[in-house]
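Dumped start_14.cif below, it's mmCIF, C-alpha atoms, pLDDT in the B column; chains and numbers go by the auth columns:
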```cif
data_coords
#
loop_
_atom_site.group_PDB
_atom_site.id
_atom_site.type_symbol
_atom_site.label_atom_id
_atom_site.label_comp_id
_atom_site.label_asym_id
_atom_site.label_seq_id
_atom_site.Cartn_x
_atom_site.Cartn_y
_atom_site.Cartn_z
_atom_site.B_iso_or_equiv
_atom_site.auth_seq_id
_atom_site.auth_asym_id
ATOM 1 C CA MET A 1 130.729 310.805 252.436 47.00 159 A
ATOM 2 C CA SER A 2 133.503 312.284 250.400 50.00 160 A
ATOM 3 C CA PRO A 3 132.963 315.090 247.861 59.00 161 A
ATOM 4 C CA LYS A 4 133.108 312.460 245.111 64.00 162 A
ATOM 5 C CA GLU A 5 129.966 310.892 246.566 84.00 163 A
ATOM 6 C CA TRP A 6 127.841 314.050 246.056 89.00 164 A
ATOM 7 C CA THR A 7 126.716 315.620 242.826 91.00 165 A
ATOM 8 C CA GLN A 8 124.582 318.411 241.432 93.00 166 A
ATOM 9 C CA ASP A 9 124.349 316.593 238.090 93.00 167 A
ATOM 10 C CA PRO A 10 120.798 315.223 237.671 93.00 168 A
ATOM 11 C CA ALA A 11 122.035 312.195 235.697 92.00 169 A
ATOM 12 C CA LEU A 12 124.555 311.190 238.367 91.00 170 A
ATOM 13 C CA MET A 13 121.972 311.528 241.147 90.00 171 A
ATOM 14 C CA PHE A 14 119.533 309.412 239.113 92.00 172 A
ATOM 15 C CA TYR A 15 117.013 312.254 238.980 93.00 173 A
ATOM 16 C CA GLN A 16 114.469 310.439 236.809 93.00 174 A
ATOM 17 C CA ASP A 17 114.512 307.335 239.014 93.00 175 A
ATOM 18 C CA TYR A 18 114.135 309.217 242.295 94.00 176 A
ATOM 19 C CA TRP A 19 112.305 312.434 241.346 95.00 177 A
ATOM 20 C CA GLY A 20 110.561 311.967 237.995 94.00 178 A
ATOM 21 C CA GLY A 21 106.850 311.265 237.508 90.00 179 A
ATOM 22 C CA ASN A 22 105.643 308.484 239.781 92.00 180 A
ATOM 23 C CA SER A 23 108.882 308.171 241.786 95.00 181 A
ATOM 24 C CA PRO A 24 109.885 307.621 245.420 95.00 182 A
ATOM 25 C CA GLY A 25 110.823 311.320 245.761 96.00 183 A
ATOM 26 C CA GLN A 26 107.421 312.445 244.536 96.00 184 A
ATOM 27 C CA ALA A 27 105.682 309.943 246.850 96.00 185 A
ATOM 28 C CA MET A 28 107.717 311.210 249.821 97.00 186 A
ATOM 29 C CA ALA A 29 106.905 314.835 248.974 96.00 187 A
ATOM 30 C CA LYS A 30 103.204 314.018 248.781 96.00 188 A
ATOM 31 C CA GLU A 31 103.296 312.105 252.088 96.00 189 A
ATOM 32 C CA TYR A 32 105.078 314.988 253.845 96.00 190 A
ATOM 33 C CA GLN A 33 102.986 317.622 252.024 96.00 191 A
ATOM 34 C CA LEU A 34 106.063 319.270 250.505 97.00 192 A
ATOM 35 C CA PRO A 35 104.949 320.785 247.182 96.00 193 A
ATOM 36 C CA SER A 36 107.149 320.947 244.091 95.00 194 A
ATOM 37 C CA PRO A 37 110.347 319.451 245.544 97.00 195 A
ATOM 38 C CA GLN A 38 113.461 320.586 243.694 96.00 196 A
ATOM 39 C CA PRO A 39 116.530 318.436 244.429 96.00 197 A
ATOM 40 C CA PHE A 40 119.795 320.336 244.114 96.00 198 A
ATOM 41 C CA LEU A 41 122.294 317.841 245.549 95.00 199 A
ATOM 42 C CA GLY A 42 122.280 314.065 245.632 93.00 200 A
ATOM 43 C CA SER A 43 124.477 311.140 246.441 88.00 201 A
ATOM 44 C CA THR A 44 126.119 309.267 243.597 84.00 202 A
ATOM 45 C CA ALA A 45 126.364 305.545 242.935 75.00 203 A
ATOM 46 C CA ARG A 46 129.698 305.586 244.828 76.00 204 A
ATOM 47 C CA SER A 47 127.913 306.444 248.049 76.00 205 A
ATOM 48 C CA PRO A 48 126.723 303.780 250.480 74.00 206 A
ATOM 49 C CA ASN A 49 123.690 306.040 251.122 79.00 207 A
ATOM 50 C CA THR A 50 120.953 307.439 248.943 89.00 208 A
ATOM 51 C CA GLU A 51 120.415 310.998 250.128 93.00 209 A
ATOM 52 C CA PHE A 52 119.197 314.205 248.579 95.00 210 A
ATOM 53 C CA ALA A 53 119.080 317.863 249.528 95.00 211 A
ATOM 54 C CA PHE A 54 116.018 319.545 248.076 97.00 212 A
ATOM 55 C CA GLU A 55 114.000 322.735 248.287 98.00 213 A
ATOM 56 C CA SER A 56 110.247 322.998 248.763 97.00 214 A
ATOM 57 C CA ASN A 57 108.284 326.165 249.473 96.00 215 A
ATOM 58 C CA GLY A 58 111.466 328.141 250.131 96.00 216 A
ATOM 59 C CA LYS A 59 112.722 325.710 252.785 98.00 217 A
ATOM 60 C CA PHE A 60 115.537 323.179 252.520 98.00 218 A
ATOM 61 C CA TYR A 61 115.393 319.488 253.410 98.00 219 A
ATOM 62 C CA LEU A 62 117.477 316.316 253.490 96.00 220 A
ATOM 63 C CA TRP A 63 115.816 313.067 252.466 96.00 221 A
ATOM 64 C CA SER A 64 117.389 309.705 253.160 93.00 222 A
ATOM 65 C CA ALA A 65 115.707 307.391 250.687 91.00 223 A
ATOM 66 C CA VAL A 66 117.135 304.258 252.315 90.00 224 A
ATOM 67 C CA VAL A 67 115.620 304.821 255.760 90.00 225 A
ATOM 68 C CA ASP A 68 112.879 307.146 254.434 90.00 226 A
ATOM 69 C CA THR A 69 113.502 310.061 256.794 95.00 227 A
ATOM 70 C CA VAL A 70 113.165 313.765 256.081 97.00 228 A
ATOM 71 C CA SER A 71 114.892 316.536 257.996 97.00 229 A
ATOM 72 C CA GLN A 72 114.483 320.259 257.531 97.00 230 A
ATOM 73 C CA ILE A 73 117.779 322.114 257.242 97.00 231 A
ATOM 74 C CA ILE A 74 117.630 325.005 259.709 97.00 232 A
ATOM 75 C CA GLU A 75 121.220 326.257 259.262 95.00 233 A
ATOM 76 C CA PRO A 76 122.848 327.285 257.026 95.00 234 A
ATOM 77 C CA GLY A 77 120.069 329.097 255.242 94.00 235 A
ATOM 78 C CA THR A 78 121.266 329.307 251.646 95.00 236 A
ATOM 79 C CA LYS A 79 121.542 326.647 248.986 95.00 237 A
ATOM 80 C CA LYS A 80 125.193 327.502 248.332 94.00 238 A
ATOM 81 C CA ALA A 81 126.126 327.241 252.026 94.00 239 A
ATOM 82 C CA ILE A 82 124.203 323.959 252.361 94.00 240 A
ATOM 83 C CA ILE A 83 126.054 322.446 249.407 92.00 241 A
ATOM 84 C CA GLU A 84 129.394 323.543 250.854 91.00 242 A
ATOM 85 C CA ALA A 85 128.525 322.169 254.308 91.00 243 A
ATOM 86 C CA ILE A 86 127.397 318.797 252.943 89.00 244 A
ATOM 87 C CA VAL A 87 130.248 318.312 250.503 86.00 245 A
ATOM 88 C CA ASN A 88 133.010 319.600 252.795 84.00 246 A
ATOM 89 C CA SER A 89 131.909 318.281 256.180 75.00 247 A
ATOM 90 C CA ASP A 90 129.534 315.419 255.328 65.00 248 A
ATOM 91 C CA SER A 91 126.533 317.253 256.819 70.00 249 A
ATOM 92 C CA MET A 92 128.227 317.716 260.204 72.00 250 A
ATOM 93 C CA ASP A 93 127.912 321.525 259.929 81.00 251 A
ATOM 94 C CA LEU A 94 124.171 321.398 259.300 92.00 252 A
ATOM 95 C CA VAL A 95 121.573 322.133 261.932 94.00 253 A
ATOM 96 C CA VAL A 96 118.586 319.943 261.093 95.00 254 A
ATOM 97 C CA GLU A 97 115.256 319.038 262.590 96.00 255 A
ATOM 98 C CA GLN A 98 113.492 315.796 261.736 96.00 256 A
ATOM 99 C CA VAL A 99 110.153 316.222 260.008 96.00 257 A
ATOM 100 C CA LEU A 100 107.301 313.787 260.551 94.00 258 A
ATOM 101 C CA PRO A 101 104.595 313.254 257.956 91.00 259 A
ATOM 102 C CA PRO A 102 101.283 314.936 258.785 88.00 260 A
ATOM 103 C CA LYS A 103 98.582 312.627 260.098 82.00 261 A
#
```
structure tokens encoding of this file:
Amino acid sequence: MSPKEWTQDPALMFYQDYWGGNSPGQAMAKEYQLPSPQPFLGSTARSPNTEFAFESNGKFYLWSAVVDTVSQIIEPGTKKAIIEAIVNSDSMDLVVEQVLPPK
């Protein structure tokens, strides 16, 4: 995705639709037992994907809402570096590990 397809603006990432109240983001967080998810980067309507970077319990994650997968971001370890890596290299510079929901 190009930089124009990512945003930190809650309105452009459709925060209320994906993260408010009884939303898909809240359902995913509950399923994966990730308390108080705080999205800080999301794809815009220009993107062919619906993805979000979010923080929960001091760890960072990527959630693909389309295929409903969650990956923990291992590297880089700061929010600023994660944003730069996603926007500038389309997530290619991230080291991630897929997370499975607890049984």
(request) Might you pull out every residue within 12 Å of range 163-168 of chain A, with all atoms listed in the file counted and same-chain residues fewer than 5 positions away left off, and present them as a PyMOL selection string? (result) chain A and resi 173-178+196-212+237-238+241-249
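What the PyMOL selection byres ((chain A and resi 217-228) around 9) picks from this file is Tyr176, Pro182, Gly183, Met186, Tyr190, Asn207, Thr208, Glu209, Phe210, Ala211, Phe212, Glu213, Ser214, Asn215, Gly216, Ser229, Gln230, Ile231, Ile232, Gly235, Thr236, Lys237, Ile240, Val254, Glu255, Gln256, Val257, Leu258 and Pro259 of chain A.
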(message) Rounded to one decimal, what separation in Å do you get between CA of Phe172 in chain A and CA of Gln184 in chain A?
(response) 13.6 Å
